[in-house]
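Structure file run.tsv with TSV, C-alpha atoms and all ligand atoms:
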chain	number	residue	atom	x	y	z
A	1112	MET	CA	13.75	118.57	80.91
A	1113	PHE	CA	10.68	116.63	79.80
A	1114	ILE	CA	11.11	117.37	76.15
A	1115	LYS	CA	9.92	114.61	73.88
A	1116	THR	CA	9.93	114.69	70.13
A	1117	ILE	CA	6.44	115.53	69.00
A	1118	ARG	CA	5.44	113.06	66.33
A	1119	THR	CA	1.72	112.59	66.68
A	1120	LEU	CA	-1.26	114.67	67.66
A	1121	GLU	CA	-1.36	112.75	70.89
A	1122	ASP	CA	2.20	113.84	71.65
A	1123	MET	CA	1.08	117.36	70.96
A	1124	VAL	CA	-1.79	117.11	73.44
A	1125	VAL	CA	0.55	115.64	76.05
A	1126	MET	CA	2.99	118.45	75.40
A	1127	VAL	CA	0.35	121.15	75.82
A	1128	ASP	CA	-0.76	119.47	79.03
A	1129	MET	CA	2.82	119.46	80.20
A	1130	VAL	CA	3.38	123.09	79.41
A	1131	ASP	CA	0.25	123.76	81.40
A	1132	MET	CA	1.64	121.77	84.29
A	1133	VAL	CA	5.03	123.44	84.01
A	1134	VAL	CA	3.48	126.88	84.24
A	1135	LYS	CA	1.38	125.79	87.18
A	1136	HIS	CA	4.35	124.22	88.88
A	1137	LEU	CA	6.86	126.87	88.00
A	1138	PRO	CA	8.27	126.94	91.52
A	1139	PHE	CA	9.37	123.33	90.95
A	1140	TRP	CA	11.95	124.59	88.53
A	1141	THR	CA	13.87	127.01	90.56
A	1142	VAL	CA	17.24	126.63	92.18
A	1143	PHE	CA	17.20	125.94	95.91
A	1144	ASN	CA	19.92	126.66	98.40
A	1145	SER	CA	19.60	123.30	100.10
A	1146	LEU	CA	17.90	119.96	99.77
A	1147	ASP	CA	15.77	120.76	102.81
A	1148	GLU	CA	14.52	123.93	101.20
A	1149	LEU	CA	13.76	122.11	97.96
A	1150	LYS	CA	11.84	119.33	99.71
A	1151	LYS	CA	9.90	121.76	101.86
A	1152	ARG	CA	8.83	123.85	98.89
A	1153	ILE	CA	7.96	120.85	96.70
A	1154	GLN	CA	5.94	119.31	99.51
A	1155	GLU	CA	4.02	122.56	99.93
A	1156	ILE	CA	3.18	122.67	96.25
A	1157	ALA	CA	2.24	118.99	96.22
A	1158	ASN	CA	0.03	119.34	99.29
A	1159	ALA	CA	-1.71	122.32	97.76
A	1160	ASP	CA	-2.35	120.15	94.71
A	1161	GLY	CA	-3.71	117.28	96.76
A	1162	PHE	CA	-0.91	114.78	96.95
A	1163	VAL	CA	2.05	113.99	99.15
A	1164	ILE	CA	5.69	113.65	98.22
A	1165	VAL	CA	7.87	110.97	99.73
A	1166	THR	CA	11.58	110.38	99.32
A	1167	ARG	CA	11.88	107.04	97.61
A	1168	ARG	CA	15.65	106.80	97.38
A	1169	SER	CA	18.79	108.85	97.25
A	1170	LYS	CA	22.26	108.41	95.87
A	1171	LYS	CA	25.54	109.68	97.22
A	1172	ILE	CA	27.93	111.56	95.04
A	1173	GLY	CA	31.38	112.26	96.44
A	1174	GLY	CA	30.34	110.88	99.84
A	1175	ARG	CA	27.33	113.17	100.21
A	1176	THR	CA	23.74	113.03	99.04
A	1177	GLY	CA	23.84	114.07	95.41
A	1178	ARG	CA	20.61	112.80	93.89
A	1179	VAL	CA	17.23	112.30	95.48
A	1180	TRP	CA	14.16	110.71	93.92
A	1181	LEU	CA	10.92	112.21	95.18
A	1182	GLU	CA	7.74	110.34	94.41
A	1183	CYS	CA	4.03	110.62	94.90
A	1184	ASP	CA	3.11	108.60	97.99
A	1185	ARG	CA	0.77	106.55	95.82
A	1186	GLY	CA	3.82	105.34	93.91
A	1187	GLY	CA	4.92	101.74	94.34
A	1188	GLU	CA	3.22	98.40	94.19
A	1189	HIS	CA	-0.47	97.83	94.69
A	1190	GLN	CA	-1.18	96.60	98.17
A	1191	SER	CA	-3.41	94.02	99.73
A	1192	THR	CA	-6.39	95.31	101.70
A	1193	ALA	CA	-4.65	94.39	104.95
A	1194	THR	CA	-1.68	96.67	104.34
A	1195	LEU	CA	-4.00	99.27	102.94
A	1196	ARG	CA	-5.90	99.50	106.19
A	1197	LYS	CA	-2.66	99.87	108.08
A	1198	ALA	CA	-1.09	102.44	105.81
A	1199	GLY	CA	-4.23	104.43	105.28
A	1200	SER	CA	-3.55	105.20	101.66
A	1201	LYS	CA	-3.75	103.18	98.49
A	1202	LYS	CA	-0.68	102.56	96.36
A	1203	THR	CA	-1.58	102.80	92.72
A	1204	GLY	CA	1.87	102.58	91.20
A	1205	CYS	CA	1.61	106.29	90.46
A	1206	PRO	CA	4.36	107.31	88.01
A	1207	PHE	CA	4.85	110.82	89.40
A	1208	TYR	CA	8.43	111.45	90.40
A	1209	LEU	CA	10.97	114.24	90.51
A	1210	LEU	CA	14.71	113.84	90.48
A	1211	ALA	CA	16.50	116.41	92.63
A	1212	VAL	CA	20.16	116.90	91.87
A	1213	ARG	CA	22.87	118.72	93.79
A	1214	ASN	CA	24.68	121.16	91.54
A	1215	HIS	CA	28.42	121.19	91.45
A	1216	PRO	CA	30.24	123.29	92.60
A	1217	TYR	CA	27.55	125.68	93.93
A	1218	GLU	CA	25.91	123.24	96.36
A	1219	THR	CA	22.49	124.31	95.16
A	1220	TRP	CA	19.67	121.88	94.39
A	1221	GLU	CA	17.46	121.64	91.36
A	1222	ILE	CA	14.83	119.36	89.91
A	1223	LYS	CA	16.45	117.90	86.83
A	1224	ASP	CA	14.02	115.26	85.65
A	1225	GLY	CA	10.69	113.75	86.41
A	1226	THR	CA	7.23	112.67	85.40
A	1227	ILE	CA	4.48	114.93	86.56
A	1228	GLU	CA	1.49	112.78	85.79
A	1229	HIS	CA	-0.59	110.92	88.34
A	1230	ASN	CA	-2.69	107.82	87.68
A	1231	HIS	CA	-5.22	108.60	90.40
A	1232	GLU	CA	-7.46	111.38	91.59
A	1233	LEU	CA	-5.79	114.04	93.67
A	1234	CYS	CA	-7.52	114.43	96.97
A	1235	GLU	CA	-8.35	117.63	98.73
A	1236	ASP	CA	-8.31	116.22	102.19
A	1237	LEU	CA	-4.75	115.25	102.98
A	1238	SER	CA	-5.39	114.09	106.52
A	1239	ALA	CA	-5.34	110.51	105.23
A	1240	HIS	CA	-1.74	111.11	104.31
A	1241	ALA	CA	-0.60	111.84	107.84
A	1242	PHE	CA	1.02	108.40	107.84
A	1243	VAL	CA	3.72	109.79	105.58
A	1244	ARG	CA	5.15	111.53	108.59
A	1245	ARG	CA	4.64	108.59	110.89
A	1246	PHE	CA	7.75	107.17	112.43
A	1247	THR	CA	9.23	103.75	111.77
A	1248	PRO	CA	9.38	101.34	114.74
A	1249	SER	CA	13.11	101.98	115.16
A	1250	GLU	CA	12.55	105.74	115.10
A	1251	MET	CA	9.78	105.35	117.69
A	1252	LYS	CA	12.14	103.37	119.89
A	1253	LEU	CA	14.78	106.07	119.61
A	1254	ILE	CA	12.25	108.78	120.51
A	1255	GLU	CA	11.15	106.74	123.52
A	1256	GLN	CA	14.74	106.27	124.70
A	1257	LEU	CA	15.64	109.93	124.27
A	1258	THR	CA	12.42	111.03	125.97
A	1259	ALA	CA	13.33	108.77	128.91
A	1260	GLN	CA	16.63	110.66	129.06
A	1261	ASN	CA	14.67	113.91	129.23
A	1262	MET	CA	15.99	115.16	125.92
A	1263	GLU	CA	14.06	118.09	124.51
A	1264	PRO	CA	11.80	117.30	121.52
A	1265	ARG	CA	13.78	119.82	119.46
A	1266	LYS	CA	17.02	117.91	120.07
A	1267	ILE	CA	15.32	114.56	119.44
A	1268	PHE	CA	14.10	115.91	116.12
A	1269	GLN	CA	17.63	116.97	115.21
A	1270	THR	CA	18.96	113.53	116.13
A	1271	ILE	CA	16.40	111.80	113.94
A	1272	ARG	CA	17.08	114.28	111.19
A	1273	LYS	CA	20.77	113.44	111.32
A	1274	GLN	CA	20.03	109.74	111.03
A	1275	ASP	CA	17.93	110.11	107.93
A	1276	PRO	CA	17.88	113.59	106.41
A	1277	ASP	CA	15.57	112.44	103.63
A	1278	ARG	CA	12.51	112.04	105.82
A	1279	PHE	CA	9.75	114.58	105.74
A	1280	HIS	CA	9.17	114.82	109.46
A	1281	VAL	CA	8.80	118.19	111.06
A	1282	GLN	CA	9.60	119.09	114.64
A	1283	LYS	CA	5.91	119.12	115.52
A	1284	ASP	CA	5.69	115.39	114.69
A	1285	VAL	CA	8.33	114.64	117.31
A	1286	GLN	CA	6.60	116.92	119.82
A	1287	ASN	CA	3.36	115.02	119.29
A	1288	VAL	CA	5.01	111.65	119.87
A	1289	VAL	CA	6.82	112.88	122.99
A	1290	ALA	CA	3.57	114.29	124.39
A	1291	LYS	CA	1.90	110.94	123.78
A	1292	ILE	CA	4.72	108.99	125.46
A	1293	ARG	CA	4.63	111.34	128.45
A	1294	ALA	CA	0.86	111.01	128.70
A	1295	GLU	CA	1.17	107.21	128.67
A	1296	GLN	CA	3.81	107.35	131.39
A	1297	ARG	CA	1.50	109.46	133.50
A	1298	GLN	CA	-1.22	106.87	132.89
A	1299	GLY	CA	-3.99	109.33	132.73
A	1300	LEU	CA	-2.81	111.37	135.70
A	1301	THR	CA	-2.87	115.13	135.37
A	1302	PRO	CA	0.53	116.85	135.40
A	1303	MET	CA	-0.14	117.96	138.98
A	1304	GLN	CA	-0.96	114.44	140.10
A	1305	SER	CA	2.16	113.06	138.50
A	1306	LEU	CA	4.20	115.78	140.17
A	1307	GLU	CA	2.70	114.66	143.45
A	1308	ASN	CA	3.80	111.09	142.70
A	1309	VAL	CA	7.35	112.23	141.99
A	1310	LEU	CA	7.43	114.24	145.21
A	1311	MET	CA	6.21	111.33	147.29
A	1312	LYS	CA	8.71	108.94	145.73
A	1313	ASN	CA	11.63	111.31	146.34
A	1314	ASP	CA	10.97	112.06	149.99
A	1315	PHE	CA	9.80	115.64	149.59
A	1316	ILE	CA	7.67	117.44	152.12
A	1317	TYR	CA	4.85	119.01	150.22
A	1318	GLU	CA	1.51	120.69	150.56
A	1319	ILE	CA	-1.21	121.12	148.04
A	1320	ARG	CA	-4.11	123.51	147.89
A	1321	GLU	CA	-7.19	122.58	145.97
A	1322	GLU	CA	-9.97	124.69	144.59
A	1323	PRO	CA	-12.71	124.47	147.24
A	1324	GLY	CA	-15.31	121.85	146.35
A	1325	THR	CA	-13.26	120.43	143.48
A	1326	GLU	CA	-10.14	118.35	143.13
A	1327	ILE	CA	-8.38	120.91	141.00
A	1328	VAL	CA	-4.95	121.60	142.44
A	1329	THR	CA	-4.21	125.30	142.32
A	1330	GLU	CA	-1.05	125.55	144.39
A	1331	ILE	CA	1.70	123.21	145.34
A	1332	PHE	CA	4.54	123.86	147.75
A	1333	PHE	CA	7.42	121.45	148.24
A	1334	LEU	CA	10.78	121.15	149.89
A	1335	HIS	CA	13.22	118.33	150.29
A	1336	ARG	CA	14.03	116.95	153.74
A	1337	ASP	CA	17.72	117.69	153.22
A	1338	SER	CA	16.92	121.31	152.38
A	1339	ARG	CA	15.02	121.58	155.62
A	1340	VAL	CA	18.04	120.47	157.62
A	1341	LEU	CA	20.16	123.15	155.96
A	1342	TRP	CA	17.42	125.72	156.41
A	1343	ARG	CA	17.27	125.02	160.14
A	1344	ALA	CA	20.98	125.75	160.34
A	1345	PHE	CA	20.83	128.96	158.29
A	1346	PRO	CA	17.36	130.51	158.56
A	1347	HIS	CA	18.23	134.20	158.60
A	1348	VAL	CA	18.26	135.22	154.96
A	1349	MET	CA	15.55	134.13	152.61
A	1350	MET	CA	15.35	135.07	148.94
A	1351	ILE	CA	12.12	134.62	147.06
A	1352	ASP	CA	11.96	134.78	143.34
A	1353	ALA	CA	9.02	134.16	141.07
A	1354	THR	CA	9.42	133.34	137.41
A	1355	TYR	CA	6.53	133.65	135.03
A	1356	LYS	CA	5.75	131.98	131.74
A	1357	THR	CA	8.62	129.57	131.99
A	1358	ASN	CA	6.56	126.42	132.11
A	1359	ILE	CA	3.97	125.07	129.71
A	1360	TYR	CA	1.23	125.34	132.29
A	1361	ASN	CA	1.83	129.07	132.45
A	1362	MET	CA	1.88	129.02	136.24
A	1363	PRO	CA	4.33	131.16	138.19
A	1364	PHE	CA	7.12	129.10	139.66
A	1365	ILE	CA	8.49	130.29	142.96
A	1366	GLN	CA	11.94	129.52	144.30
A	1367	ILE	CA	12.86	130.14	147.87
A	1368	VAL	CA	16.59	130.25	148.42
A	1369	GLY	CA	18.58	130.46	151.61
A	1370	MET	CA	22.08	131.75	152.23
A	1371	THR	CA	24.86	130.36	154.39
A	1372	PRO	CA	27.27	132.66	156.28
A	1373	THR	CA	29.89	131.76	153.67
A	1374	ASN	CA	27.67	133.36	151.01
A	1375	LYS	CA	26.66	130.07	149.47
A	1376	SER	CA	23.04	129.84	148.45
A	1377	PHE	CA	20.92	126.75	148.79
A	1378	ILE	CA	17.44	125.83	147.72
A	1379	ILE	CA	14.91	125.90	150.53
A	1380	ALA	CA	11.66	125.23	148.74
A	1381	HIS	CA	9.73	125.51	145.50
A	1382	ALA	CA	6.15	126.32	144.76
A	1383	VAL	CA	3.96	126.37	141.70
A	1384	VAL	CA	0.97	128.66	142.03
A	1385	SER	CA	-1.91	129.53	139.76
A	1386	LYS	CA	-1.82	133.05	138.48
A	1387	GLU	CA	-5.51	133.72	138.88
A	1388	ARG	CA	-5.49	133.75	142.64
A	1389	GLY	CA	-4.41	136.90	144.41
A	1390	ASP	CA	-3.54	135.25	147.68
A	1391	ASN	CA	-1.40	132.49	146.27
A	1392	PHE	CA	1.89	134.10	147.32
A	1393	VAL	CA	0.48	134.61	150.81
A	1394	TRP	CA	-0.41	130.93	150.88
A	1395	VAL	CA	3.17	130.04	149.96
A	1396	LEU	CA	4.59	132.29	152.69
A	1397	GLU	CA	2.16	130.76	155.17
A	1398	ARG	CA	3.57	127.35	154.24
A	1399	VAL	CA	7.07	128.71	154.78
A	1400	LYS	CA	6.04	130.00	158.18
A	1401	ALA	CA	4.43	126.67	159.07
A	1402	MET	CA	7.69	124.90	158.26
A	1403	LEU	CA	9.73	127.20	160.49
A	1404	ASP	CA	10.43	126.34	164.09
A	1405	GLU	CA	10.16	128.95	166.85
A	1406	CYS	CA	13.70	130.25	166.66
A	1407	MET	CA	13.95	130.17	162.91
A	1408	GLU	CA	12.40	133.46	161.84
A	1409	PRO	CA	14.08	134.95	158.78
A	1410	ARG	CA	15.55	138.38	159.40
A	1411	VAL	CA	15.74	139.42	155.81
A	1412	ILE	CA	13.43	138.51	152.97
A	1413	LEU	CA	14.74	139.52	149.57
A	1414	THR	CA	12.60	139.60	146.47
A	1415	ASP	CA	12.83	141.08	143.03
A	1416	ARG	CA	10.48	143.98	142.38
A	1417	ASP	CA	7.48	141.75	141.90
A	1418	LEU	CA	4.59	143.75	143.30
A	1419	ALA	CA	2.37	140.76	144.08
A	1420	LEU	CA	5.20	139.10	145.90
A	1421	MET	CA	6.13	142.30	147.79
A	1422	GLY	CA	2.52	142.70	148.85
A	1423	ALA	CA	2.46	139.13	150.11
A	1424	CYS	CA	5.65	139.74	152.11
A	1425	GLY	CA	3.94	142.70	153.76
A	1426	THR	CA	1.05	140.46	154.77
A	1427	TYR	CA	3.54	137.88	155.92
A	1428	ASN	CA	5.34	140.38	158.16
A	1429	ARG	CA	2.05	141.13	159.86
A	1430	MET	CA	1.59	137.40	160.43
A	1431	LEU	CA	4.88	137.15	162.36
A	1501	ZN	ZN	0.33	110.29	92.30
As structure tokens - that is how I would like this structure written.
Amino acid sequence: MFIKTIRTLEDMVVMVDMVDMVVKHLPFWTVFNSLDELKKRIQEIANADGFVIVTRRSKKIGGRTGRVWLECDRGGEHQSTATLRKAGSKKTGCPFYLLAVRNHPYETWEIKDGTIEHNHELCEDLSAHAFVRRFTPSEMKLIEQLTAQNMEPRKIFQTIRKQDPDRFHVQKDVQNVVAKIRAEQRQGLTPMQSLENVLMKNDFIYEIREEPGTEIVTEIFFLHRDSRVLWRAFPHVMMIDATYKTNIYNMPFIQIVGMTPTNKSFIIAHAVVSKERGDNFVWVLERVKAMLDECMEPRVILTDRDLALMGACGTYNRML
């Protein structure tokens, strides 16, 4: 691997140092089932040691990635102060590198060569190295486009992965960027406020309840004008279903569904309520009642066995 002929005392010292390093970095020299696994493990070891690994280049063998050169992120040319400020880390032309090779025919990966010396201090605080996982402008553009198409961060990550499997990004990096893009789109509005904007733009009828004395929205009820037309025609059966823990705000989401005589269901209304309040379901049913015209009373209300919801329906019946 790194065997040199020992001729001088200095060689000897270097050799002892290397043996020391080899023992310390023993996990470097194991066989990995995939390149991903190898990179992940090597990065972990490097981070624990106080440096960051980057993929400098790779070479295809038989049409697929066969060799990958991993370097210390301080590798490469010295930089001017201007670039330094931008990149956040100083290039020192560090000689550290590892050559990962795909084994034939087992498809396993191994480190086959390398230099494990650094020409700089290893740092304990790696936060300065976060830029390693920063995205290139073209990657950022792609993330923006895919976010605009409402693609899930997980799928966006996979797409980026496919484009360049040698990058060290993790799914969390994509999630962070998507969250930032979304926040910019909302322009400082809270999720509730931006929902309100969407509802207004799309001709929904909606009502909001705020925490008394504050502007914190605790409940929101909305239905589309078209749904209301259908509801007027078929008001007799109403199904109410509440789903919990399905959104990131951890607020129960309520769906109110109607049924036509031909057994087709249609959406009447939706509501998002805060879990803390006991009377939130009652509030939703009150909104339903307020939307109904005189002759439109539902004859049957169906729910799942949600006790809070069943209790609210009882209260609602007394309101009729
Ligand atoms: Zn280095």
Shortest contact to Met1251 of chain A, candidates A:Ile1222, A:Ile1292, A:Val1399, A:Leu1149, atoms counted only C-alpha atoms, goes to A:Ile1292
For Val1383 of chain A, find every residue with an atom within 6 Å (counting all atoms listed in the file), except residues of its own chain fewer than 3 positions away, and show them as a PyMOL selection string. chain A and resi 1330-1331+1363-1364
Just to confirm, what's the straight-line distance from atom CA of Asn1144 of chain A to atom CA of Asp1160 of chain A in Å (one decimal)?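 Interatomic distance here is 23.5 Å.
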For atom CA of Val1384 of chain A and atom CA of Gly1369 of chain A, determine how far apart the two atoms are, in Å to one decimal place.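 Rounded to one decimal, the two atoms are 20.1 Å apart.
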Shell of 12 Å around ligand ZN 1501 (chain A) (all atoms listed in the file), written as an MDAnalysis selection string: chainID A and resid 1157:1158 1160:1165 1181:1187 1200:1209 1226:1234
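Atom CA of Lys1273 of chain A is found 16.9 Å from atom CA of Glu1255 of chain A.
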If you count all atoms listed in the file, the residue of A:Asn1214, A:Asp1284, A:Glu1188, A:Ile1379 closest to Phe1315 of chain A turns out to be A:Ile1379
Axis-aligned box over every listed atom of segment 1360-1371 of chain A, padded by 5 Å per side: centre and edges in Å to one decimal, as JSON?
{"center_x": 13.0, "center_y": 128.5, "center_z": 143.3, "size_x": 33.6, "size_y": 16.4, "size_z": 32.1}
Name all residues at most 9 Å from Ala1211 of chain A (count only C-alpha atoms; drop same-chain ones fewer than 2 positions away) and give them as a compact mmCIF listing (two decimals) with C-alpha atoms, keeping the file's coordinate frame.
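Contents of the output file part_32.txt:
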# COMPACT_ATOMS: atom_id res chain seq x y z
CA LEU A 1146 17.90 119.96 99.77
CA LEU A 1149 13.76 122.11 97.96
CA LYS A 1150 11.84 119.33 99.71
CA GLY A 1177 23.84 114.07 95.41
CA ARG A 1178 20.61 112.80 93.89
CA VAL A 1179 17.23 112.30 95.48
CA TRP A 1180 14.16 110.71 93.92
CA LEU A 1181 10.92 112.21 95.18
CA LEU A 1209 10.97 114.24 90.51
CA ARG A 1213 22.87 118.72 93.79
CA TRP A 1220 19.67 121.88 94.39
CA GLU A 1221 17.46 121.64 91.36
CA ILE A 1222 14.83 119.36 89.91
CA LYS A 1223 16.45 117.90 86.83
CA ASP A 1224 14.02 115.26 85.65
CA GLY A 1225 10.69 113.75 86.41
Near Leu1413 of chain A, counting only C-alpha atoms, which residues have an atom at most 8 Å away, once you skip same-chain residues fewer than 5 positions from it, shown as a ChimeraX atom specification? /A:1348-1351
Which of these residues is nearest to Ser1169 of chain A, using all atoms listed in the file: A:Ala1344, A:Ile1316, A:Val1212, A:Leu1420? A:Val1212
Start from the incomplete input, build N, CA and C atoms for segment 1249-1262 of chain A, and deliver everything as a PDB file, in the frame of the given file.
ATOM      1  N   SER A1249      11.799 101.674 114.564  1.00  0.00           N
ATOM      2  CA  SER A1249      13.110 101.980 115.160  1.00  0.00           C
ATOM      3  C   SER A1249      13.209 103.457 115.536  1.00  0.00           C
ATOM      4  N   GLU A1250      12.571 104.320 114.746  1.00  0.00           N
ATOM      5  CA  GLU A1250      12.550 105.740 115.100  1.00  0.00           C
ATOM      6  C   GLU A1250      11.744 105.955 116.386  1.00  0.00           C
ATOM      7  N   MET A1251      10.621 105.240 116.492  1.00  0.00           N
ATOM      8  CA  MET A1251       9.780 105.350 117.690  1.00  0.00           C
ATOM      9  C   MET A1251      10.570 104.948 118.925  1.00  0.00           C
ATOM     10  N   LYS A1252      11.351 103.865 118.771  1.00  0.00           N
ATOM     11  CA  LYS A1252      12.140 103.370 119.890  1.00  0.00           C
ATOM     12  C   LYS A1252      13.157 104.421 120.325  1.00  0.00           C
ATOM     13  N   LEU A1253      13.781 105.030 119.326  1.00  0.00           N
ATOM     14  CA  LEU A1253      14.780 106.070 119.610  1.00  0.00           C
ATOM     15  C   LEU A1253      14.123 107.247 120.344  1.00  0.00           C
ATOM     16  N   ILE A1254      12.953 107.661 119.860  1.00  0.00           N
ATOM     17  CA  ILE A1254      12.250 108.780 120.510  1.00  0.00           C
ATOM     18  C   ILE A1254      11.930 108.427 121.955  1.00  0.00           C
ATOM     19  N   GLU A1255      11.481 107.174 122.171  1.00  0.00           N
ATOM     20  CA  GLU A1255      11.150 106.740 123.520  1.00  0.00           C
ATOM     21  C   GLU A1255      12.383 106.802 124.428  1.00  0.00           C
ATOM     22  N   GLN A1256      13.515 106.281 123.898  1.00  0.00           N
ATOM     23  CA  GLN A1256      14.740 106.270 124.700  1.00  0.00           C
ATOM     24  C   GLN A1256      15.187 107.695 125.044  1.00  0.00           C
ATOM     25  N   LEU A1257      15.160 108.559 124.044  1.00  0.00           N
ATOM     26  CA  LEU A1257      15.640 109.930 124.270  1.00  0.00           C
ATOM     27  C   LEU A1257      14.683 110.694 125.182  1.00  0.00           C
ATOM     28  N   THR A1258      13.390 110.391 125.080  1.00  0.00           N
ATOM     29  CA  THR A1258      12.420 111.030 125.970  1.00  0.00           C
ATOM     30  C   THR A1258      12.685 110.597 127.411  1.00  0.00           C
ATOM     31  N   ALA A1259      13.014 109.294 127.570  1.00  0.00           N
ATOM     32  CA  ALA A1259      13.330 108.770 128.910  1.00  0.00           C
ATOM     33  C   ALA A1259      14.555 109.473 129.478  1.00  0.00           C
ATOM     34  N   GLN A1260      15.442 109.930 128.600  1.00  0.00           N
ATOM     35  CA  GLN A1260      16.630 110.660 129.060  1.00  0.00           C
ATOM     36  C   GLN A1260      16.357 112.156 129.195  1.00  0.00           C
ATOM     37  N   ASN A1261      15.096 112.507 129.096  1.00  0.00           N
ATOM     38  CA  ASN A1261      14.670 113.910 129.230  1.00  0.00           C
ATOM     39  C   ASN A1261      15.242 114.828 128.168  1.00  0.00           C
ATOM     40  N   MET A1262      15.502 114.286 126.989  1.00  0.00           N
ATOM     41  CA  MET A1262      15.990 115.160 125.920  1.00  0.00           C
ATOM     42  C   MET A1262      14.826 115.978 125.385  1.00  0.00           C
TER      43      MET A1262
END
